[in-house]
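Visitor: Got a structure for you, upload26.csv, holding CSV, C-alpha atoms.
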```csv
chain,number,residue,atom,x,y,z
A,1129,MET,CA,22.8,2.3,0.6
A,1130,HIS,CA,25.8,0.0,1.2
A,1131,PHE,CA,23.5,-2.6,2.8
A,1132,ILE,CA,21.2,-2.6,-0.2
A,1133,THR,CA,24.2,-3.0,-2.6
A,1134,GLN,CA,25.5,-5.9,-0.6
A,1135,ARG,CA,22.1,-7.6,-0.6
A,1136,LEU,CA,21.7,-7.1,-4.3
A,1137,LYS,CA,25.2,-8.5,-4.9
A,1138,LYS,CA,24.3,-11.5,-2.8
A,1139,TYR,CA,21.1,-12.2,-4.7
A,1140,PHE,CA,22.8,-11.7,-8.0
A,1141,GLU,CA,25.6,-14.1,-7.1
A,1142,ASN,CA,23.1,-16.7,-5.9
A,1143,ALA,CA,21.1,-16.4,-9.1
A,1144,PHE,CA,24.2,-16.7,-11.2
A,1145,TRP,CA,25.3,-20.0,-9.6
A,1146,LEU,CA,21.8,-21.4,-9.9
A,1147,ILE,CA,21.6,-20.6,-13.6
A,1148,PHE,CA,25.1,-21.7,-14.3
A,1149,GLU,CA,24.5,-25.1,-12.6
A,1150,LYS,CA,21.3,-25.7,-14.7
A,1151,GLY,CA,23.1,-24.8,-17.9
A,1152,PHE,CA,26.2,-26.8,-17.1
A,1153,THR,CA,24.2,-29.9,-16.1
A,1154,LEU,CA,22.1,-29.7,-19.2
A,1155,ALA,CA,25.1,-29.3,-21.6
A,1156,VAL,CA,27.1,-32.1,-20.0
A,1157,GLY,CA,24.1,-34.4,-19.7
A,1158,MET,CA,23.3,-33.9,-23.4
A,1159,VAL,CA,26.8,-34.8,-24.5
A,1160,VAL,CA,27.2,-37.8,-22.2
A,1161,GLY,CA,23.6,-38.9,-22.9
A,1162,ILE,CA,24.5,-39.1,-26.6
A,1163,TYR,CA,27.4,-41.5,-26.0
A,1164,VAL,CA,25.4,-43.6,-23.5
A,1165,ALA,CA,22.4,-43.9,-25.9
A,1166,ARG,CA,24.6,-44.9,-28.8
A,1167,TYR,CA,26.4,-47.5,-26.7
A,1168,LEU,CA,23.3,-49.0,-25.1
A,1169,GLN,CA,21.3,-49.0,-28.4
A,1170,PRO,CA,17.5,-48.4,-28.4
A,1171,GLU,CA,16.5,-51.5,-26.6
A,1172,SER,CA,18.7,-51.2,-23.6
A,1173,PHE,CA,18.5,-47.4,-23.4
A,1174,GLY,CA,14.7,-47.7,-23.6
A,1175,LEU,CA,14.7,-50.2,-20.7
A,1176,LEU,CA,16.9,-47.9,-18.6
A,1177,ASN,CA,14.6,-44.9,-19.3
A,1178,TYR,CA,11.5,-47.1,-18.6
A,1179,ALA,CA,12.9,-48.0,-15.2
A,1180,ILE,CA,13.8,-44.3,-14.4
A,1181,SER,CA,10.3,-43.2,-15.5
A,1182,PHE,CA,8.7,-45.8,-13.4
A,1183,VAL,CA,10.5,-44.7,-10.3
A,1184,SER,CA,10.0,-41.0,-11.1
A,1185,ILE,CA,6.2,-41.4,-11.1
A,1186,PHE,CA,6.4,-42.4,-7.4
A,1187,SER,CA,9.3,-40.1,-6.4
A,1188,ALA,CA,6.9,-37.3,-5.3
A,1189,PHE,CA,6.2,-39.5,-2.2
A,1190,SER,CA,9.8,-39.0,-1.1
A,1191,ALA,CA,9.6,-35.2,-1.7
A,1192,LEU,CA,6.2,-34.7,0.0
A,1193,GLY,CA,6.1,-31.1,-1.3
A,1194,LEU,CA,8.3,-30.1,1.6
A,1195,GLU,CA,10.9,-28.0,-0.2
A,1196,GLN,CA,9.0,-24.7,-0.5
A,1197,ILE,CA,7.6,-25.0,3.0
A,1198,ILE,CA,10.9,-25.7,4.7
A,1199,VAL,CA,12.8,-23.0,2.7
A,1200,ARG,CA,10.1,-20.5,3.7
A,1201,GLU,CA,10.3,-21.4,7.4
A,1202,LEU,CA,14.1,-21.4,7.5
A,1203,ALA,CA,14.2,-18.0,5.8
A,1204,LYS,CA,12.1,-16.6,8.7
A,1205,GLY,CA,15.1,-17.2,11.0
A,1206,THR,CA,12.9,-18.2,14.0
A,1207,GLY,CA,15.6,-20.3,15.6
A,1208,ARG,CA,14.0,-23.6,14.6
A,1209,ARG,CA,16.7,-24.5,12.2
A,1210,ASP,CA,17.7,-27.8,13.8
A,1211,ASP,CA,14.1,-28.8,14.3
A,1212,LEU,CA,13.1,-28.0,10.7
A,1213,LEU,CA,16.1,-29.8,9.2
A,1214,GLY,CA,15.7,-32.9,11.5
A,1215,THR,CA,12.0,-33.2,11.0
A,1216,GLY,CA,12.3,-32.6,7.3
A,1217,PHE,CA,15.0,-35.2,7.0
A,1218,ILE,CA,12.9,-37.9,8.8
A,1219,LEU,CA,9.8,-37.1,6.8
A,1220,LYS,CA,11.7,-37.4,3.5
A,1221,LEU,CA,13.3,-40.6,4.7
A,1222,ALA,CA,9.9,-42.0,5.6
A,1223,GLY,CA,8.6,-40.9,2.3
A,1224,SER,CA,11.4,-42.8,0.5
A,1225,VAL,CA,10.6,-45.9,2.5
A,1226,VAL,CA,6.9,-45.6,1.5
A,1227,LEU,CA,7.9,-45.1,-2.1
A,1228,ILE,CA,10.0,-48.3,-2.2
A,1229,VAL,CA,7.4,-50.4,-0.3
A,1230,LEU,CA,4.6,-49.1,-2.6
A,1231,MET,CA,6.7,-49.9,-5.7
A,1232,MET,CA,7.6,-53.4,-4.5
A,1233,VAL,CA,3.8,-54.1,-4.1
A,1234,ILE,CA,3.0,-52.7,-7.5
A,1235,LEU,CA,5.8,-54.6,-9.1
A,1236,VAL,CA,4.2,-57.8,-8.0
A,1237,PHE,CA,1.2,-57.1,-10.3
A,1238,MET,CA,3.3,-55.8,-13.2
A,1239,ASP,CA,4.3,-58.2,-16.0
A,1240,HIS,CA,8.0,-57.4,-15.7
A,1241,ASN,CA,10.9,-59.8,-15.9
A,1242,ALA,CA,13.3,-60.2,-13.0
A,1243,PHE,CA,16.0,-58.0,-14.7
A,1244,THR,CA,13.5,-55.1,-15.2
A,1245,ASN,CA,12.4,-55.3,-11.5
A,1246,THR,CA,16.0,-55.3,-10.4
A,1247,LEU,CA,16.7,-52.1,-12.4
A,1248,VAL,CA,13.7,-50.4,-11.0
A,1249,LEU,CA,14.6,-51.3,-7.4
A,1250,ILE,CA,18.2,-50.2,-7.8
A,1251,ILE,CA,17.2,-46.8,-9.2
A,1252,ALA,CA,14.5,-46.5,-6.4
A,1253,ALA,CA,17.3,-47.1,-3.8
A,1254,ALA,CA,18.7,-43.7,-4.7
A,1255,GLU,CA,15.6,-42.0,-3.2
A,1256,ILE,CA,16.7,-43.1,0.3
A,1257,PHE,CA,19.7,-40.7,0.3
A,1258,LYS,CA,17.7,-37.7,-0.9
A,1259,GLY,CA,16.6,-36.9,2.7
A,1260,PHE,CA,19.9,-34.9,2.9
A,1261,GLU,CA,18.5,-32.5,0.4
A,1262,VAL,CA,17.1,-30.6,3.4
A,1263,ILE,CA,20.7,-29.1,3.6
A,1264,ASN,CA,20.2,-27.7,0.2
A,1265,TYR,CA,16.9,-26.2,1.4
A,1266,PHE,CA,18.8,-24.5,4.2
A,1267,PHE,CA,21.4,-22.9,1.9
A,1268,GLN,CA,18.6,-21.8,-0.4
A,1269,SER,CA,16.9,-20.0,2.5
A,1270,GLN,CA,20.1,-18.2,3.3
A,1271,VAL,CA,20.7,-17.2,-0.4
A,1272,GLN,CA,23.9,-19.2,-0.3
A,1273,SER,CA,23.2,-21.9,-2.8
A,1274,LYS,CA,26.7,-21.6,-4.3
A,1275,TYR,CA,28.2,-23.7,-1.5
A,1276,VAL,CA,26.2,-26.8,-2.5
A,1277,ILE,CA,26.1,-26.0,-6.2
A,1278,GLN,CA,29.9,-26.0,-6.4
A,1279,ILE,CA,30.0,-29.5,-4.8
A,1280,GLN,CA,27.2,-30.7,-7.1
A,1281,LEU,CA,29.0,-29.5,-10.2
A,1282,LEU,CA,32.1,-31.4,-9.2
A,1283,ILE,CA,30.0,-34.6,-8.5
A,1284,ASN,CA,28.2,-34.2,-11.8
A,1285,LEU,CA,31.4,-33.9,-13.7
A,1286,LEU,CA,32.8,-37.0,-11.9
A,1287,LEU,CA,29.7,-39.0,-12.7
A,1288,SER,CA,29.7,-37.9,-16.3
A,1289,PHE,CA,33.3,-39.1,-16.7
A,1290,THR,CA,32.3,-42.4,-14.9
A,1291,LYS,CA,29.5,-42.9,-17.4
A,1292,LEU,CA,31.9,-42.4,-20.3
A,1293,GLY,CA,34.2,-44.8,-18.6
A,1294,LEU,CA,31.4,-47.4,-18.5
A,1295,VAL,CA,30.9,-46.9,-22.2
A,1296,PHE,CA,34.6,-47.3,-22.9
A,1297,ILE,CA,34.9,-50.6,-20.9
A,1298,HIS,CA,31.6,-51.9,-22.4
A,1299,ALA,CA,29.9,-52.2,-19.0
A,1300,PRO,CA,26.6,-54.0,-18.7
A,1301,LEU,CA,23.3,-52.1,-18.5
A,1302,ILE,CA,22.9,-52.6,-14.7
A,1303,TRP,CA,25.9,-50.4,-14.0
A,1304,PHE,CA,24.2,-47.4,-15.5
A,1305,ALA,CA,21.5,-47.9,-12.9
A,1306,VAL,CA,24.0,-48.4,-10.1
A,1307,ILE,CA,25.7,-45.1,-11.1
A,1308,ILE,CA,22.4,-43.3,-10.3
A,1309,VAL,CA,22.5,-44.6,-6.7
A,1310,ILE,CA,26.2,-43.7,-6.4
A,1311,GLY,CA,25.3,-40.2,-7.6
A,1312,SER,CA,22.7,-39.9,-4.9
A,1313,ILE,CA,25.1,-41.1,-2.2
A,1314,LEU,CA,27.8,-38.7,-3.4
A,1315,ASN,CA,25.3,-35.8,-3.3
A,1316,ALA,CA,24.3,-36.7,0.2
A,1317,ILE,CA,28.0,-36.7,1.3
A,1318,GLY,CA,28.5,-33.4,-0.5
A,1319,PHE,CA,25.6,-31.8,1.3
A,1320,ILE,CA,26.9,-33.0,4.7
A,1321,TYR,CA,30.4,-31.7,3.9
A,1322,ALA,CA,29.0,-28.3,3.0
A,1323,TYR,CA,26.9,-28.1,6.1
A,1324,ARG,CA,29.6,-29.3,8.5
A,1325,LYS,CA,32.1,-26.8,7.0
A,1326,ARG,CA,29.8,-23.8,7.5
A,1327,GLU,CA,27.1,-24.5,10.0
A,1328,GLY,CA,27.9,-27.5,12.2
A,1329,THR,CA,27.0,-31.2,12.5
A,1330,PRO,CA,23.7,-32.8,11.4
A,1331,TRP,CA,23.8,-34.7,14.7
A,1332,SER,CA,22.3,-31.6,16.3
A,1333,TRP,CA,19.1,-32.0,14.3
A,1334,SER,CA,16.0,-33.1,16.1
A,1335,PHE,CA,12.7,-34.6,15.1
A,1336,GLN,CA,9.6,-32.8,16.4
A,1337,LYS,CA,6.3,-34.7,16.0
A,1338,PRO,CA,4.1,-31.5,16.2
A,1339,LEU,CA,6.3,-29.8,13.6
A,1340,ALA,CA,6.0,-32.9,11.4
A,1341,PHE,CA,2.2,-32.6,11.4
A,1342,GLU,CA,2.4,-28.9,10.8
A,1343,LEU,CA,4.7,-29.4,7.8
A,1344,LEU,CA,2.6,-32.2,6.3
A,1345,ARG,CA,-0.6,-30.1,6.8
A,1346,GLU,CA,0.8,-27.3,4.7
A,1347,SER,CA,2.7,-29.4,2.1
A,1348,TRP,CA,0.0,-31.9,1.1
A,1349,PRO,CA,-1.4,-29.8,-1.7
A,1350,LEU,CA,2.1,-29.4,-3.1
A,1351,ALA,CA,2.7,-33.1,-2.7
A,1352,LEU,CA,-0.5,-33.9,-4.7
A,1353,TYR,CA,0.6,-31.4,-7.4
A,1354,GLY,CA,4.1,-33.1,-7.5
A,1355,ILE,CA,2.5,-36.5,-7.9
A,1356,ALA,CA,0.3,-35.2,-10.8
A,1357,LEU,CA,3.2,-33.5,-12.4
A,1358,HIS,CA,5.5,-36.6,-12.3
A,1359,ILE,CA,2.7,-38.8,-13.7
A,1360,GLN,CA,2.0,-36.4,-16.5
A,1361,ALA,CA,5.7,-36.1,-17.4
A,1362,ARG,CA,6.6,-39.8,-17.2
A,1363,ILE,CA,3.4,-41.9,-17.9
A,1364,ASP,CA,3.9,-41.8,-21.7
A,1365,GLN,CA,7.2,-43.7,-21.4
A,1366,VAL,CA,5.8,-46.3,-19.0
A,1367,MET,CA,2.8,-46.8,-21.2
A,1368,LEU,CA,5.0,-47.3,-24.3
A,1369,GLY,CA,7.1,-49.8,-22.4
A,1370,LYS,CA,4.0,-51.8,-21.4
A,1371,MET,CA,2.0,-51.5,-24.6
A,1372,LEU,CA,4.8,-51.7,-27.2
A,1373,ASN,CA,8.5,-52.4,-26.3
A,1374,ASN,CA,11.7,-50.9,-24.9
A,1375,TYR,CA,12.8,-49.9,-28.4
A,1376,GLU,CA,9.8,-47.5,-28.7
A,1377,VAL,CA,10.5,-46.0,-25.3
```
Spell out the structure here as structure tokens.
Guide:
Amino acid sequence: MHFITQRLKKYFENAFWLIFEKGFTLAVGMVVGIYVARYLQPESFGLLNYAISFVSIFSAFSALGLEQIIVRELAKGTGRRDDLLGTGFILKLAGSVVLIVLMMVILVFMDHNAFTNTLVLIIAAAEIFKGFEVINYFFQSQVQSKYVIQIQLLINLLLSFTKLGLVFIHAPLIWFAVIIVIGSILNAIGFIYAYRKREGTPWSWSFQKPLAFELLRESWPLALYGIALHIQARIDQVMLGKMLNNYEV
């Protein structure tokens, strides 16, 4: 009975932190977003969102639908933790490289000006550091998401104040794209810190080619679903940007 109570407490605590993080991020993002939108005005704010939407359409290539598969395998506790984390990290890193190369090729055929292309590539650079999200997958599998969520809340608060600071000093638009990359870097550092503090060093991870094929074989339907979902969610903003203007976006 005591064991069941402890398990229920663990699951309840984990769910609480997940819900709290979503609510906090939504509330802070809404408040900060209002100030950023009012400062940038429709034209610049539309251009920023166009660049974010353009990258988001291709971001499923860096995710590869691996999250659910890796979390499931880690939860089994088969002793393959380092192999799963190392292989997942390399696959996500490779996916990010494919994303950036694919976008660079597509940008050649898009009728963008140089500044728009720069914004898109800066925001796309943030995907490179998302390979460390495999650490988040590990804590999810152990029902210990609070360890990374606490760090993410702190980073989110820091980035929110930074955005308000950019508004206060009347920073140019490009810095609001750079802050997205900085946020991705800080999240990666936070993930590494949480893992080193409780589990060990990422240097013990290893890449296993057979495991990579196994993960990709299982995750490709989820990857296709992710691509379709991202296109459905963002294509309207990209179409508005191409057919009308950034103000309409």
Visitor: To one decimal in Å, tell me the separation between atom CA of Leu1176 of chain A and atom CA of Ala1252 of chain A.
Guide: 12.5 Å
Visitor: If we count all atoms listed in the file and set the cut-off at 7 Å, which residues sit around segment 1284-1296 of chain A, ignoring sequence neighbours fewer than 2 positions away in its own chain? Please answer as a PyMOL selection string.
Guide: chain A and resi 1160+1164+1167+1280-1282+1298-1299+1311
Visitor: Please compute the atom CA of Ile1313 of chain A-atom CA of Ala1253 of chain A distance, one decimal, in Å.
Guide: 10.0 Å
Visitor: Counting all atoms listed in the file, figure out which residue out of A:Met1232, A:Ser1269, A:Ile1355, A:Phe1186 gets nearest to Glu1201 of chain A.
Guide: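 Closest candidate: A:Ser1269.
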Visitor: Choose the residue, out of A:Ile1317, A:Ala1165, A:Val1262, A:Ile1308, that has the smallest atom-to-atom separation from Leu1247 of chain A; count all atoms listed in the file.
Guide: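 Answer, going by the shortest atom-to-atom distance: A:Ile1308.
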Visitor: What does the distance between atom CA of Glu1141 of chain A and atom CA of Gln1278 of chain A come to in Å, to one decimal place?
Guide: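 The value is 12.7 Å.
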Visitor: Out of A:Ala1143, A:Ala1356, A:Ile1180, A:Ile1302, which residue has the shortest atom-to-atom distance to Thr1246 of chain A when counting only C-alpha atoms?
Guide: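 When distances to Thr1246 of chain A are compared using only C-alpha atoms, the smallest one comes from A:Ile1302.
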Visitor: Under the rule of at most 10 Å, produce a per-residue listing of segment 1237-1277 of chain A near segment 1318-1327 of chain A: chain, number, name, the closest pair of atoms, and the distance in Å, as a tab-separated table, using all atoms listed in the file.
Guide:
```
residue	atom	partner	partner_atom	distance
A:Phe1260	CA	A:Phe1319	CA	6.7
A:Glu1261	CA	A:Phe1319	CA	7.2
A:Val1262	CA	A:Phe1319	CA	8.8
A:Ile1263	CA	A:Phe1319	CA	6.0
A:Asn1264	CA	A:Phe1319	CA	6.9
A:Phe1266	CA	A:Tyr1323	CA	9.1
A:Phe1267	CA	A:Tyr1323	CA	8.7
A:Tyr1275	CA	A:Ala1322	CA	6.5
A:Val1276	CA	A:Phe1319	CA	6.3
A:Ile1277	CA	A:Phe1319	CA	9.5
```
Visitor: For Ile1198 of chain A, find every residue with an atom within 7 Å (counting only C-alpha atoms), except residues of its own chain fewer than 3 positions away, and show them as a list in words.
Guide: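 What passes the distance filter is Leu1194, Glu1195, Glu1201, Leu1202, Leu1212 and Tyr1265 of chain A.
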Visitor: Taking only C-alpha atoms into account, which of A:Arg1166, A:Lys1258, A:Arg1345, A:Lys1150 comes nearest Ser1224 of chain A?
Guide: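 Among the listed residues, A:Lys1258 lies closest to Ser1224 of chain A.
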Visitor: Give the answer as one residue: which of A:Glu1342, A:Ser1184, A:Arg1209, A:Ser1172 has the shortest atom-to-atom distance to Gln1270 of chain A, using only C-alpha atoms?
Guide: A:Arg1209
Visitor: Would you mind listing what lies within 9 Å of Ile1218 of chain A as number ranges by chain, with only C-alpha atoms counted and same-chain residues fewer than 4 positions away left out?
Guide: A: 1213-1214, 1222-1223, 1259, 1335, 1340
Visitor: From the options A:Met1158, A:Pro1300, A:Glu1255, A:Trp1333, which residue's atoms come nearest to Ser1187 of chain A, counting all atoms listed in the file?
Guide: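 That would be A:Glu1255, the residue with the smallest distance to Ser1187 of chain A.
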